[in-house]
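Participant: To be precise about what I am sending: the file is called my_file-v2.cif and holds mmCIF, C-alpha atoms and all ligand atoms.
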data_protein
#
loop_
_atom_site.label_atom_id
_atom_site.label_comp_id
_atom_site.auth_asym_id
_atom_site.auth_seq_id
_atom_site.Cartn_x
_atom_site.Cartn_y
_atom_site.Cartn_z
CA MET K 1164 148.64 73.29 163.07
CA SER K 1165 151.30 75.01 160.94
CA PRO K 1166 150.06 77.38 158.19
CA SER K 1167 151.15 74.96 155.46
CA ARG K 1168 149.39 71.97 157.13
CA THR K 1169 146.27 74.11 157.62
CA GLY K 1170 146.36 74.89 153.91
CA ILE K 1171 146.57 71.20 153.01
CA PHE K 1172 143.74 70.38 155.46
CA LEU K 1173 141.47 73.08 153.98
CA ALA K 1174 142.25 71.98 150.44
CA LYS K 1175 141.35 68.38 151.41
CA MET K 1176 138.08 69.52 152.99
CA LYS K 1177 137.22 71.58 149.91
CA ARG K 1178 137.90 68.62 147.64
CA LYS K 1179 135.79 66.40 149.87
CA ARG K 1180 132.90 68.87 149.78
CA ALA K 1181 133.09 69.19 146.02
CA THR K 1182 132.90 65.43 145.46
CA ALA K 1183 129.46 63.93 145.08
CA LYS K 1184 128.37 61.16 147.45
CA GLU K 1185 127.89 57.67 146.04
CA VAL K 1186 124.14 57.68 146.71
CA TYR K 1187 121.87 60.52 147.85
CA THR K 1188 118.48 60.11 149.49
CA LEU K 1189 115.22 62.02 149.89
CA ALA K 1190 116.65 63.57 153.08
CA ASP K 1191 119.53 65.05 151.04
CA LEU K 1192 117.08 66.52 148.53
CA LYS K 1193 115.12 68.11 151.39
CA LYS K 1194 118.08 69.77 153.04
CA GLY K 1195 119.75 70.88 149.78
CA ILE K 1196 122.87 69.49 148.21
CA ASP K 1197 126.41 70.77 147.94
CA PRO K 1198 128.11 70.42 145.40
CA ALA K 1199 125.93 71.64 142.55
CA ILE K 1200 123.89 68.57 141.70
CA ARG K 1201 121.44 69.53 138.98
CA LEU K 1202 120.76 66.12 137.43
CA GLY K 1203 120.41 62.56 138.61
CA VAL K 1204 118.82 59.16 138.45
CA PHE K 1205 115.97 58.16 140.76
CA GLY K 1206 115.70 54.43 141.46
CA ASP K 1207 115.63 51.70 144.08
CA PRO K 1208 118.03 49.98 143.91
CA VAL K 1209 120.20 52.52 142.15
CA GLU K 1210 123.73 51.68 143.28
CA HIS K 1211 124.42 49.71 140.07
CA SER K 1212 123.51 52.59 137.72
CA LEU K 1213 126.24 53.55 135.24
CA SER K 1214 124.46 56.78 134.29
CA PRO K 1215 126.44 59.05 136.69
CA GLN K 1216 129.82 58.13 135.23
CA MET K 1217 128.49 58.53 131.68
CA GLN K 1218 126.66 61.84 132.25
CA ASN K 1219 129.36 63.36 134.46
CA ALA K 1220 131.97 62.64 131.79
CA ALA K 1221 129.74 64.45 129.26
CA LEU K 1222 129.19 67.43 131.59
CA LYS K 1223 132.92 67.76 132.23
CA HIS K 1224 133.78 67.46 128.54
CA CYS K 1225 131.21 70.14 127.62
CA LYS K 1226 132.46 72.38 130.46
CA ILE K 1227 129.02 72.45 132.05
CA ASP K 1228 129.60 73.13 135.74
CA MET K 1229 127.04 70.68 137.18
CA GLN K 1230 127.00 67.18 138.59
CA TYR K 1231 124.75 64.17 138.03
CA ALA K 1232 124.15 61.84 141.00
CA ARG K 1233 122.38 58.67 142.09
CA PHE K 1234 119.31 59.08 144.31
CA ARG K 1235 117.88 56.08 146.16
CA ILE K 1236 114.20 56.96 146.13
CA SER K 1237 111.63 54.37 147.19
CA ARG K 1238 108.16 54.00 145.60
CA SER K 1239 106.52 55.86 148.46
CA GLU K 1240 109.02 58.75 148.20
CA LEU K 1241 108.67 59.41 144.46
CA ARG K 1242 105.97 62.09 144.60
CA GLU K 1243 107.85 64.14 147.19
CA ALA K 1244 111.20 63.71 145.43
CA LEU K 1245 109.72 64.96 142.14
CA ASP K 1246 108.19 67.94 143.94
CA LEU K 1247 111.54 68.78 145.50
CA ILE K 1248 113.27 69.07 142.11
CA ARG K 1249 110.75 71.63 140.81
CA LYS K 1250 113.38 74.35 141.20
CA PRO K 1251 114.84 76.67 138.57
CA GLU K 1252 118.35 75.30 139.06
CA PHE K 1253 117.39 71.64 138.55
CA VAL K 1254 117.79 70.41 134.94
CA GLY K 1255 116.30 66.92 134.98
CA VAL K 1256 116.41 63.30 136.04
CA ASN K 1257 116.45 59.79 134.67
CA LEU K 1258 114.03 57.28 136.13
CA THR K 1259 114.79 53.62 136.59
CA ILE K 1260 113.21 50.66 138.41
CA PRO K 1261 110.61 50.98 139.97
CA HIS K 1262 109.58 54.51 138.82
CA LYS K 1263 109.23 54.45 135.03
CA ILE K 1264 105.49 53.77 135.12
CA ALA K 1265 104.63 55.27 138.50
CA ALA K 1266 106.05 58.68 137.54
CA LEU K 1267 103.53 59.15 134.70
CA GLU K 1268 100.85 60.50 137.03
CA PHE K 1269 103.15 63.25 138.33
CA LEU K 1270 104.14 64.70 134.94
CA ASP K 1271 102.89 68.09 133.77
CA GLY K 1272 103.45 67.18 130.13
CA ALA K 1273 104.96 64.43 127.98
CA GLU K 1274 106.01 63.67 124.43
CA GLU K 1275 103.54 61.53 122.51
CA ASN K 1276 105.41 58.21 122.77
CA VAL K 1277 105.53 58.37 126.59
CA MET K 1278 101.79 57.86 126.83
CA ARG K 1279 101.80 55.23 124.11
CA ILE K 1280 104.59 53.28 125.82
CA GLY K 1281 103.17 53.91 129.27
CA ALA K 1282 106.60 54.59 130.76
CA VAL K 1283 108.92 57.58 131.20
CA ASN K 1284 112.71 57.41 131.63
CA VAL K 1285 113.72 61.08 131.24
CA ILE K 1286 112.28 64.17 132.91
CA LYS K 1287 113.24 67.70 131.94
CA LEU K 1288 112.42 70.63 134.22
CA GLU K 1289 111.05 73.68 132.47
CA THR K 1290 109.95 76.61 134.66
CA GLY K 1291 109.16 74.22 137.48
CA LYS K 1292 107.16 71.84 135.26
CA LEU K 1293 108.02 68.17 134.77
CA HIS K 1294 108.17 67.13 131.10
CA GLY K 1295 108.44 63.41 130.34
CA PHE K 1296 110.33 61.66 127.55
CA ASN K 1297 111.20 58.07 126.72
CA THR K 1298 114.57 57.52 125.04
CA ASP K 1299 114.75 53.71 125.38
CA GLY K 1300 113.27 52.91 121.95
CA ARG K 1301 115.39 55.41 120.01
CA GLY K 1302 118.45 54.36 122.03
CA PHE K 1303 117.74 50.73 121.13
CA SER K 1304 117.40 51.57 117.43
CA ARG K 1305 120.73 53.39 117.37
CA ALA K 1306 122.36 50.53 119.28
CA VAL K 1307 121.15 47.91 116.79
CA ARG K 1308 122.38 49.97 113.84
CA GLU K 1309 125.76 50.41 115.50
CA GLU K 1310 126.19 46.79 116.64
CA PHE K 1311 124.83 44.94 113.61
CA SER K 1312 124.92 47.57 110.82
CA VAL K 1313 121.22 47.06 110.03
CA ASP K 1314 118.08 49.16 110.34
CA LEU K 1315 114.98 47.94 112.16
CA ARG K 1316 112.92 48.40 109.00
CA ASP K 1317 114.80 45.50 107.38
CA LEU K 1318 114.33 43.09 110.26
CA ARG K 1319 111.89 40.48 111.52
CA VAL K 1320 112.09 41.02 115.27
CA MET K 1321 111.11 38.92 118.28
CA ILE K 1322 111.03 40.70 121.65
CA VAL K 1323 111.02 38.64 124.83
CA GLY K 1324 109.14 40.53 127.56
CA ALA K 1325 106.19 42.91 127.60
CA GLY K 1326 107.13 45.40 130.32
CA GLY K 1327 108.34 49.01 130.00
CA ALA K 1328 111.52 48.31 128.01
CA ALA K 1329 109.73 45.88 125.70
CA ARG K 1330 106.95 48.39 125.04
CA ALA K 1331 109.47 51.13 124.14
CA ILE K 1332 111.42 48.80 121.84
CA ALA K 1333 108.25 47.40 120.23
CA LEU K 1334 106.90 50.89 119.49
CA GLN K 1335 110.21 51.86 117.89
CA CYS K 1336 110.17 48.71 115.72
CA ALA K 1337 106.61 49.57 114.67
CA LYS K 1338 107.41 53.22 113.94
CA GLU K 1339 110.38 52.19 111.82
CA ASN K 1340 108.12 49.77 109.95
CA CYS K 1341 110.00 46.55 110.75
CA GLU K 1342 109.26 43.49 108.58
CA ARG K 1343 107.46 41.64 111.36
CA LEU K 1344 107.22 41.78 115.15
CA VAL K 1345 106.66 38.95 117.62
CA ILE K 1346 106.16 39.57 121.34
CA ALA K 1347 106.97 36.56 123.53
CA ASN K 1348 106.04 36.83 127.18
CA ARG K 1349 105.64 34.63 130.24
CA THR K 1350 102.22 36.20 130.83
CA ILE K 1351 100.64 35.92 127.38
CA GLU K 1352 97.89 38.48 128.15
CA LYS K 1353 100.50 41.21 128.48
CA ALA K 1354 102.00 40.26 125.12
CA GLN K 1355 98.52 40.37 123.58
CA ASN K 1356 97.80 43.77 125.09
CA LEU K 1357 101.00 45.09 123.57
CA THR K 1358 100.27 43.73 120.09
CA ASP K 1359 96.72 45.14 120.34
CA ASP K 1360 98.17 48.56 121.19
CA LEU K 1361 100.42 48.46 118.11
CA ARG K 1362 97.94 46.99 115.62
CA ASP K 1363 97.25 50.35 113.90
CA LEU K 1364 100.94 50.74 113.06
CA PHE K 1365 101.04 47.39 111.24
CA SER K 1366 98.24 47.91 108.78
CA GLY K 1367 100.41 48.52 105.68
CA PRO K 1368 101.16 45.71 103.20
CA ARG K 1369 104.50 43.87 103.34
CA VAL K 1370 105.82 40.71 101.74
CA LEU K 1371 105.63 38.16 104.48
CA GLY K 1372 105.26 34.52 103.62
CA PRO K 1373 103.26 32.18 105.82
CA VAL K 1374 103.67 33.97 109.17
CA ALA K 1375 101.68 36.79 110.77
CA ARG K 1376 103.24 40.25 110.65
CA LEU K 1377 102.37 41.06 114.26
CA GLN K 1378 101.98 38.28 116.78
CA ALA K 1379 101.90 37.56 120.53
CA ILE K 1380 103.17 34.19 121.75
CA PRO K 1381 103.77 32.51 125.10
CA LEU K 1382 107.35 32.06 126.27
CA GLU K 1383 107.21 28.32 125.56
CA GLU K 1384 109.58 26.02 123.73
CA THR K 1385 107.41 25.02 120.75
CA ALA K 1386 106.26 28.56 120.02
CA ILE K 1387 109.77 29.99 120.37
CA ARG K 1388 111.34 27.28 118.21
CA PHE K 1389 108.90 28.04 115.38
CA GLN K 1390 109.45 31.79 115.62
CA VAL K 1391 113.26 31.60 115.74
CA ALA K 1392 113.13 30.15 112.21
CA ASN K 1393 111.11 33.21 111.10
CA VAL K 1394 112.96 36.14 112.72
CA ASP K 1395 116.32 37.89 112.23
CA LEU K 1396 116.71 39.70 115.56
CA ILE K 1397 115.86 38.44 119.05
CA VAL K 1398 115.73 40.99 121.88
CA ASN K 1399 115.71 40.22 125.58
CA ALA K 1400 113.68 42.92 127.36
CA THR K 1401 113.24 40.99 130.62
CA PRO K 1402 115.49 41.25 133.68
CA ALA K 1403 116.52 37.59 133.19
CA GLY K 1404 120.31 37.70 133.34
CA LEU K 1405 120.52 40.66 135.67
CA ASN K 1406 121.24 38.57 138.75
CA ARG K 1407 123.91 35.99 139.29
CA GLY K 1408 122.51 32.50 138.81
CA ASP K 1409 119.83 33.62 136.32
CA SER K 1410 119.40 31.37 133.33
CA SER K 1411 118.97 32.50 129.74
CA PRO K 1412 115.38 33.46 128.82
CA ILE K 1413 115.90 31.38 125.65
CA PRO K 1414 118.10 28.27 125.88
CA SER K 1415 120.92 27.72 123.41
CA ARG K 1416 119.21 24.71 121.81
CA LEU K 1417 116.41 26.98 120.51
CA LEU K 1418 118.74 29.57 118.98
CA ALA K 1419 120.31 29.35 115.53
CA PRO K 1420 123.34 30.82 113.71
CA HIS K 1421 121.26 33.08 111.42
CA VAL K 1422 119.83 35.23 114.26
CA MET K 1423 121.26 38.38 115.81
CA VAL K 1424 120.66 38.62 119.55
CA TYR K 1425 120.39 41.89 121.49
CA ASP K 1426 120.23 41.48 125.28
CA ALA K 1427 119.01 44.74 126.86
CA VAL K 1428 120.53 43.54 130.14
CA TYR K 1429 124.07 44.85 130.46
CA SER K 1430 126.91 43.51 132.53
CA GLU K 1431 130.67 43.36 132.37
CA LYS K 1432 130.59 39.63 131.82
CA ARG K 1433 128.60 37.82 129.15
CA THR K 1434 124.93 37.62 130.04
CA PRO K 1435 123.38 34.10 130.03
CA LEU K 1436 121.54 34.92 126.77
CA VAL K 1437 124.68 36.22 125.06
CA SER K 1438 126.51 33.03 126.11
CA ALA K 1439 123.65 30.86 124.85
CA ALA K 1440 123.58 32.70 121.51
CA ILE K 1441 127.33 32.44 121.00
CA GLU K 1442 127.14 28.73 121.81
CA ALA K 1443 124.51 28.43 119.05
CA GLY K 1444 126.77 30.24 116.58
CA ALA K 1445 124.74 33.48 116.57
CA ARG K 1446 125.98 37.07 116.84
CA ALA K 1447 125.08 38.56 120.22
CA VAL K 1448 125.68 41.70 122.27
CA ASN K 1449 124.53 43.03 125.64
CA GLY K 1450 122.66 46.26 126.41
CA LEU K 1451 125.59 48.58 127.05
CA SER K 1452 125.16 50.29 123.67
CA MET K 1453 121.44 50.89 124.37
CA LEU K 1454 122.36 52.40 127.74
CA LEU K 1455 124.86 54.66 125.96
CA HIS K 1456 122.45 55.85 123.28
CA GLN K 1457 119.47 56.40 125.57
CA GLY K 1458 121.90 58.44 127.70
CA THR K 1459 123.12 60.60 124.80
CA LEU K 1460 119.50 61.27 123.83
CA ALA K 1461 118.72 62.32 127.42
CA PHE K 1462 121.71 64.70 127.43
CA GLU K 1463 120.45 66.23 124.18
CA ILE K 1464 116.96 66.72 125.65
CA TRP K 1465 118.38 68.44 128.73
CA PHE K 1466 120.92 70.68 127.01
CA GLN K 1467 119.68 71.05 123.42
CA ARG K 1468 123.15 70.29 122.10
CA GLU K 1469 124.91 67.28 120.66
CA ALA K 1470 126.12 64.81 123.28
CA PRO K 1471 129.81 63.81 123.26
CA LEU K 1472 129.16 60.21 122.23
CA GLU K 1473 132.72 58.89 122.37
CA VAL K 1474 133.44 60.52 125.75
CA MET K 1475 130.30 58.90 127.17
CA ARG K 1476 131.15 55.56 125.60
CA ALA K 1477 134.65 55.60 127.10
CA ALA K 1478 133.19 56.42 130.53
CA ILE K 1479 131.12 53.22 130.69
CA ARG K 1480 133.51 50.89 128.92
P1 LIG F 1 109.46 45.38 133.69
O1 LIG F 1 108.57 46.48 133.24
O2 LIG F 1 109.44 44.93 135.10
O3 LIG F 1 109.13 44.11 132.73
C1 LIG F 1 109.64 42.88 132.97
C2 LIG F 1 109.22 41.89 131.87
O4 LIG F 1 110.08 40.77 131.97
C3 LIG F 1 107.80 41.36 132.01
O5 LIG F 1 107.28 41.15 130.71
C4 LIG F 1 108.00 40.02 132.73
O6 LIG F 1 107.05 39.03 132.39
C5 LIG F 1 109.33 39.59 132.19
N1 LIG F 1 110.10 38.76 133.11
C6 LIG F 1 110.53 39.12 134.35
N2 LIG F 1 111.29 38.13 134.86
C7 LIG F 1 111.35 37.16 133.91
C8 LIG F 1 111.96 35.87 133.85
N3 LIG F 1 112.72 35.43 134.86
N4 LIG F 1 111.80 35.13 132.74
C9 LIG F 1 111.05 35.58 131.72
N5 LIG F 1 110.43 36.77 131.72
C10 LIG F 1 110.58 37.55 132.81
O7 LIG F 1 110.99 45.73 133.38
P2 LIG F 1 111.55 46.73 132.27
O8 LIG F 1 111.58 48.11 132.78
O9 LIG F 1 110.85 46.45 131.00
O10 LIG F 1 113.08 46.27 132.16
C11 LIG F 1 113.44 44.99 131.71
C12 LIG F 1 114.95 44.91 131.63
O11 LIG F 1 115.39 45.69 130.51
C13 LIG F 1 115.68 45.53 132.83
O12 LIG F 1 115.96 44.59 133.80
C14 LIG F 1 116.96 46.08 132.24
O13 LIG F 1 118.01 45.16 132.42
C15 LIG F 1 116.68 46.19 130.76
N6 LIG F 1 116.77 47.59 130.30
C16 LIG F 1 117.93 47.97 129.72
C17 LIG F 1 118.08 49.24 129.22
C18 LIG F 1 119.37 49.63 128.57
O14 LIG F 1 119.60 50.83 128.36
N7 LIG F 1 120.23 48.69 128.22
C19 LIG F 1 117.01 50.15 129.31
C20 LIG F 1 115.82 49.74 129.91
C21 LIG F 1 115.72 48.45 130.41
P3 LIG F 1 105.59 38.96 133.08
O15 LIG F 1 104.76 39.93 132.30
O16 LIG F 1 105.18 37.56 132.87
O17 LIG F 1 105.79 39.34 134.50
#
Just give me the structure of the file as structure tokens.
Ligand code: NAP

Facilitator:
Amino acid sequence: MSPSRTGIFLAKMKRKRATAKEVYTLADLKKGIDPAIRLGVFGDPVEHSLSPQMQNAALKHCKIDMQYARFRISRSELREALDLIRKPEFVGVNLTIPHKIAALEFLDGAEENVMRIGAVNVIKLETGKLHGFNTDGRGFSRAVREEFSVDLRDLRVMIVGAGGAARAIALQCAKENCERLVIANRTIEKAQNLTDDLRDLFSGPRVLGPVARLQAIPLEETAIRFQVANVDLIVNATPAGLNRGDSSPIPSRLLAPHVMVYDAVYSEKRTPLVSAAIEAGARAVNGLSMLLHQGTLAFEIWFQREAPLEVMRAAIR
């Protein structure tokens, strides 16, 4: 090979080495990773995650010489994967399905709302210790303010779902003293458990009219129809809409023009709920803005500096 072709070949190899793989695994964590991956998202599946493009854009913009990558980590691999990142050079990880609840038992410490929500979506490494945070609720609050120009405290909110995302959103609504909160879930017991957990935050007086300030209901037509007339914001915190062929968790005929609809599911196309809401004449958005804001909050936890919001927004647009 001529000297100039050798040079090109070496440059190509170097570039190849410096580019992160699409998805890393537990085996990669064990053997050590080149280039300098110091952050990531653990999940299974994880291929769909938009966090790498958002966080890598922020790192580059802030001239932080690190990379953020996807890690496909199964349920049974979580403990070992979390042990393997207990290194001084590792900054932190995001957790997504199915680890947000399972990771709780491996934390060395956590902010107060993590235990109250019962789910963790951000881990920061500090001297080899795993500290847990949950940025979903605060990310949701910022997203609602940005999308609809309203604060949660001025809203009557109905959340569909009672899993990890719903619990984070419900706690945020409660902390911001929303007008009223309704939890609608397929399994009513889970909705009741959530309202029981939040009861102490709803003890203050508020002007309400004939409806309860905090209420759990089944995901059934009659109950939903009644509540839609008595709420301002409807939130989908179920995975309904994530997969092709899913139907809307609330059909168009039950929605009304006065409601705002926030679908925590995000996709490039309209989600089934967003389509149903628009058909009913309501304002509706998907969960991309919540993804953005929970991501900026994570960046701020890891680096103790303001996240470049517009750079991160452009990266996921
Ligand atoms: P999760 O803990 O598994 O909870 C799922 C909840 O959805 C449960 O209450 C479940 O009801 C209900 N559910 C599941 N399938 C349903 C269906 N087909 N119809 C009606 N209800 C259904 O999940 P999660 O962690 O809370 O996440 C929920 C969704 O939120 C995710 O899929 C994701 O799209 C979204 N999310 C978005 C962001 C963001 O940044 N935009 C952040 C976090 C989560 P049962 O109790 O009856 O099983």

Participant: Residues at most 8 Å from ligand LIG 1 (chain F), using all atoms listed in the file? Could they come as JSON, numbers by chain?

Facilitator: {"K": [1259, 1260, 1261, 1263, 1299, 1302, 1303, 1323, 1324, 1325, 1326, 1327, 1328, 1329, 1330, 1348, 1349, 1350, 1351, 1353, 1354, 1382, 1399, 1400, 1401, 1402, 1403, 1404, 1405, 1409, 1410, 1412, 1426, 1427, 1428, 1429, 1449, 1450, 1451, 1452, 1453, 1454, 1455, 1456, 1457, 1458]}

Participant: Work out how far atom CA of Asp1197 of chain K is from atom CA of Glu1210 of chain K, in Å to one decimal.

Facilitator: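 Atom-to-atom, atom CA of Glu1210 of chain K to atom CA of Asp1197 of chain K, that is 19.8 Å.
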
Participant: I want to know what sits within 8 Å of segment 1272-1274 of chain K, based on all atoms listed in the file, with residues of the same chain fewer than 5 positions away left out; could you give that as number ranges by chain?

Facilitator: K: 1292-1297

Participant: Expressed in Å to a single decimal, how great is the separation between atom CA of Val1186 of chain K and atom CA of Ala1199 of chain K?

Facilitator: 14.7 Å

Participant: Just the number, please: distance in Å from atom CA of Glu1268 of chain K to atom CA of Asp1246 of chain K, one decimal.

Facilitator: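 Here the two named atoms are 12.5 Å from each other.
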
Participant: Around all the atoms of segment 1245-1256 of chain K listed in the file, draw an axis-aligned box and extend it by 5 Å on each of the six sides; I want its centre and edge lengths in Å to one decimal, as AutoDock Vina command-line options.

Facilitator:
--center_x 113.3 --center_y 70.0 --center_z 140.2 --size_x 20.2 --size_y 23.4 --size_z 20.6
